[in-house]
Amino acid sequence: MRPYILISCFVVSIFALATFSTLPRNTRDGWNYLLPSQFVINQRLARGSTQLPNGTGVCGAVIYQLSEAQTEEIRRNGAAALPSDLIGPDGLKYGRWGNTPLPKDMFERYVFNSTDSPVGLNCGHGGWEKEWRANAQVAGNYYSTNGKALLLLKASELRDHPEYLAAVGYFYNP
């Protein structure tokens with residue numbers, strides 16, 4: 001074989017290894033790494049993000065469906081079933097769980113800001129934004145924040161719909 005073919009194959013192999021090793025995987029250390037470990041995830045339902053202007057960072061949202069067992073516990077015990085000692089993978093501690101609707105300042109920081117600056121949820125650019133914006137504004141759901149991200153647990157429909165699984169939204173800003 002010619003030397004340039006060997007060199008080309010070597011360079012492509014190194015590039016492929018570097019690229020594929022950094023891609024998220026659908027495991028606890030992949031897309032699910034954003035949530036504290038106390039959540040038992042059934043699947044990731046949606047995600048989206050936006051690079052903010054002037055290289056100030058990335059904002060976005062990820063929606064997860066929780067397991068049947070964790071949903072049943074939330075259905076039976078409400079907020080008492082929610083973990084109280086949440087620490088995210090970034091080491092930041094979440095505060096106490098609150099009841100929705102979200103306070104106005106949190107809503108504008110993580111869910112929707114009417115100015116030109118996108119935040120958390122509206123950085124996701126998904127068809128699910130309207131539903132999750134409403135989840136933040138109606139009673140019966142729960143939220144917690146660590147100062148950089150908001151967890152919004154959709155639980156308001158669990159009692160009326162036994163077939164539903166709980167969902168949690170993770171909305172983040174730089």
# chains A, B, ... in the order shown; residues from 1 in each chain; ligands from 1

$ closest_atom_pairs --of "region 66-100 of chain A" --to "region 127-147 of chain A" --cutoff "10 Å" --atoms "only C-alpha atoms" --output "tab-separated table"
residue	atom	partner	partner_atom	distance
A:Gly78	CA	A:Gly140	CA	9.2
A:Ala79	CA	A:Tyr142	CA	7.3
A:Leu82	CA	A:Tyr142	CA	9.1
A:Ser84	CA	A:Ser144	CA	9.6
A:Leu86	CA	A:Asn146	CA	9.1
A:Ile87	CA	A:Asn146	CA	8.4
A:Gly88	CA	A:Asn146	CA	8.3
A:Gly91	CA	A:Asn146	CA	9.7
A:Leu92	CA	A:Asn146	CA	6.0
A:Lys93	CA	A:Asn146	CA	5.6
A:Tyr94	CA	A:Asn146	CA	4.3
A:Gly95	CA	A:Ser144	CA	5.7
A:Arg96	CA	A:Ser144	CA	6.1
A:Trp97	CA	A:Ser144	CA	4.9
A:Gly98	CA	A:Tyr143	CA	5.3
A:Asn99	CA	A:Tyr142	CA	4.7
A:Thr100	CA	A:Ala139	CA	5.0

$ write_last_selection --atoms "N, CA, C and O atoms" --output "PDB file, in the first residue's frame"
ATOM      1  N   GLY A  78     -47.576  12.278  46.000  1.00  0.00           N
ATOM      2  CA  GLY A  78     -47.374  13.666  45.570  1.00  0.00           C
ATOM      3  C   GLY A  78     -45.960  14.143  45.818  1.00  0.00           C
ATOM      4  O   GLY A  78     -44.989  13.400  45.627  1.00  0.00           O
ATOM      5  N   ALA A  79     -45.838  15.369  46.322  1.00  0.00           N
ATOM      6  CA  ALA A  79     -44.522  15.979  46.523  1.00  0.00           C
ATOM      7  C   ALA A  79     -43.666  15.219  47.529  1.00  0.00           C
ATOM      8  O   ALA A  79     -42.443  15.274  47.471  1.00  0.00           O
ATOM      9  N   LEU A  82     -40.988  13.029  46.063  1.00  0.00           N
ATOM     10  CA  LEU A  82     -39.892  13.646  45.318  1.00  0.00           C
ATOM     11  C   LEU A  82     -38.630  13.689  46.168  1.00  0.00           C
ATOM     12  O   LEU A  82     -38.684  14.033  47.352  1.00  0.00           O
ATOM     13  N   SER A  84     -35.498  14.940  48.092  1.00  0.00           N
ATOM     14  CA  SER A  84     -35.264  16.263  48.673  1.00  0.00           C
ATOM     15  C   SER A  84     -33.795  16.652  48.702  1.00  0.00           C
ATOM     16  O   SER A  84     -33.463  17.784  48.996  1.00  0.00           O
ATOM     17  N   LEU A  86     -31.467  16.615  46.159  1.00  0.00           N
ATOM     18  CA  LEU A  86     -30.999  16.548  44.775  1.00  0.00           C
ATOM     19  C   LEU A  86     -29.698  17.313  44.572  1.00  0.00           C
ATOM     20  O   LEU A  86     -29.591  18.484  44.927  1.00  0.00           O
ATOM     21  N   ILE A  87     -28.740  16.631  43.997  1.00  0.00           N
ATOM     22  CA  ILE A  87     -27.491  17.262  43.574  1.00  0.00           C
ATOM     23  C   ILE A  87     -27.272  16.832  42.133  1.00  0.00           C
ATOM     24  O   ILE A  87     -27.260  15.642  41.825  1.00  0.00           O
ATOM     25  N   GLY A  88     -27.130  17.801  41.254  1.00  0.00           N
ATOM     26  CA  GLY A  88     -26.938  17.505  39.842  1.00  0.00           C
ATOM     27  C   GLY A  88     -25.549  16.976  39.562  1.00  0.00           C
ATOM     28  O   GLY A  88     -24.652  17.053  40.414  1.00  0.00           O
ATOM     29  N   GLY A  91     -22.622  19.041  40.417  1.00  0.00           N
ATOM     30  CA  GLY A  91     -22.312  19.300  41.815  1.00  0.00           C
ATOM     31  C   GLY A  91     -23.190  20.366  42.463  1.00  0.00           C
ATOM     32  O   GLY A  91     -23.079  20.609  43.659  1.00  0.00           O
ATOM     33  N   LEU A  92     -24.063  21.002  41.692  1.00  0.00           N
ATOM     34  CA  LEU A  92     -24.935  22.037  42.249  1.00  0.00           C
ATOM     35  C   LEU A  92     -26.131  21.400  42.945  1.00  0.00           C
ATOM     36  O   LEU A  92     -26.750  20.480  42.426  1.00  0.00           O
ATOM     37  N   LYS A  93     -26.456  21.916  44.126  1.00  0.00           N
ATOM     38  CA  LYS A  93     -27.563  21.386  44.920  1.00  0.00           C
ATOM     39  C   LYS A  93     -28.860  22.099  44.534  1.00  0.00           C
ATOM     40  O   LYS A  93     -28.901  23.314  44.405  1.00  0.00           O
ATOM     41  N   TYR A  94     -29.894  21.304  44.357  1.00  0.00           N
ATOM     42  CA  TYR A  94     -31.216  21.854  44.070  1.00  0.00           C
ATOM     43  C   TYR A  94     -31.892  22.254  45.376  1.00  0.00           C
ATOM     44  O   TYR A  94     -31.671  21.648  46.418  1.00  0.00           O
ATOM     45  N   GLY A  95     -32.758  23.268  45.283  1.00  0.00           N
ATOM     46  CA  GLY A  95     -33.511  23.722  46.443  1.00  0.00           C
ATOM     47  C   GLY A  95     -34.733  22.850  46.687  1.00  0.00           C
ATOM     48  O   GLY A  95     -34.953  21.843  46.007  1.00  0.00           O
ATOM     49  N   ARG A  96     -35.528  23.250  47.657  1.00  0.00           N
ATOM     50  CA  ARG A  96     -36.752  22.523  47.990  1.00  0.00           C
ATOM     51  C   ARG A  96     -37.728  22.567  46.816  1.00  0.00           C
ATOM     52  O   ARG A  96     -37.727  23.502  46.027  1.00  0.00           O
ATOM     53  N   TRP A  97     -38.564  21.540  46.742  1.00  0.00           N
ATOM     54  CA  TRP A  97     -39.588  21.497  45.705  1.00  0.00           C
ATOM     55  C   TRP A  97     -40.674  22.510  46.022  1.00  0.00           C
ATOM     56  O   TRP A  97     -41.104  22.636  47.165  1.00  0.00           O
ATOM     57  N   GLY A  98     -41.097  23.230  44.993  1.00  0.00           N
ATOM     58  CA  GLY A  98     -42.189  24.180  45.130  1.00  0.00           C
ATOM     59  C   GLY A  98     -43.355  23.741  44.262  1.00  0.00           C
ATOM     60  O   GLY A  98     -43.205  22.912  43.367  1.00  0.00           O
ATOM     61  N   ASN A  99     -44.509  24.311  44.527  1.00  0.00           N
ATOM     62  CA  ASN A  99     -45.708  24.036  43.729  1.00  0.00           C
ATOM     63  C   ASN A  99     -45.837  25.076  42.626  1.00  0.00           C
ATOM     64  O   ASN A  99     -45.584  26.257  42.857  1.00  0.00           O
ATOM     65  N   THR A 100     -46.242  24.626  41.464  1.00  0.00           N
ATOM     66  CA  THR A 100     -46.527  25.570  40.386  1.00  0.00           C
ATOM     67  C   THR A 100     -47.862  26.243  40.694  1.00  0.00           C
ATOM     68  O   THR A 100     -48.655  25.701  41.461  1.00  0.00           O
TER      69      THR A 100
END

$ select_by_dssp --residues "region 9-144 of chain A" --states "helix (DSSP H, G or I)" --output "ChimeraX atom specification"
/A:9-22,31-34,53-55,68-81,104-111,120-123,129-137

$ residues_around --residues "region 35-42 of chain A" --least-positions-apart "5" --cutoff "8 Å" --atoms "only C-alpha atoms" --output "list in words"
Tyr64, Gln65, Leu66, Ser67, Glu68, Gln70, Pro83, Leu86, Ile87, Gly88, Pro89 and Tyr170 of chain A

$ atom_distance --atom1 "CA of Pro101 (chain A)" --atom2 "CA of Leu152 (chain A)"
10.4 Å

$ residues_around --residues "region 48-55 of chain A" --least-positions-apart "4" --cutoff "6 Å" --atoms "only C-alpha atoms" --output "list in words"
Cys59, Gly60, Ala61, Cys123 and Gly124 of chain A

$ closest_residue --among "A:Ile74, A:Gly120, A:Lys154, A:His161" --to "Gly57 (chain A)" --atoms "only C-alpha atoms"
A:Gly120

$ atom_distance --atom1 "CA of Ala149 (chain A)" --atom2 "CA of Asn173 (chain A)"
6.4 Å

$ atom_distance --atom1 "CA of Glu163 (chain A)" --atom2 "CA of His125 (chain A)"
27.6 Å

$ select_by_dssp --residues "region 48-156 of chain A" --states "strand (DSSP E or B)" --output "list of chain:residue names"
A:Gly48, A:Ser49, A:Thr50, A:Gln51, A:Val58, A:Cys59, A:Gly60, A:Ala61, A:Val62, A:Ile63, A:Tyr64, A:Gln65, A:Leu66, A:Ile87, A:Lys93, A:Gly98, A:Asn99, A:Tyr142, A:Tyr143, A:Ser144, A:Thr145, A:Ala149, A:Leu150, A:Leu151, A:Leu152, A:Leu153, A:Lys154

$ residues_around --residues "Thr71 (chain A)" --least-positions-apart "6" --cutoff "9 Å" --atoms "only C-alpha atoms" --output "list of chain:residue names"
A:Ala155, A:Leu158, A:Tyr164, A:Leu165, A:Ala166, A:Ala167

$ residues_around --residues "Phe112 (chain A)" --least-positions-apart "5" --cutoff "7 Å" --atoms "only C-alpha atoms" --output "mmCIF file with C-alpha atoms, in the first residue's frame"
data_model
loop_
_atom_site.group_PDB
_atom_site.id
_atom_site.type_symbol
_atom_site.label_atom_id
_atom_site.label_comp_id
_atom_site.auth_asym_id
_atom_site.auth_seq_id
_atom_site.Cartn_x
_atom_site.Cartn_y
_atom_site.Cartn_z
ATOM 1 C CA PHE A 107 -40.674 31.743 34.723
ATOM 2 C CA VAL A 119 -33.956 31.245 27.923
ATOM 3 C CA LEU A 121 -37.388 26.152 27.459
ATOM 4 C CA ASN A 122 -37.755 28.524 24.519
#
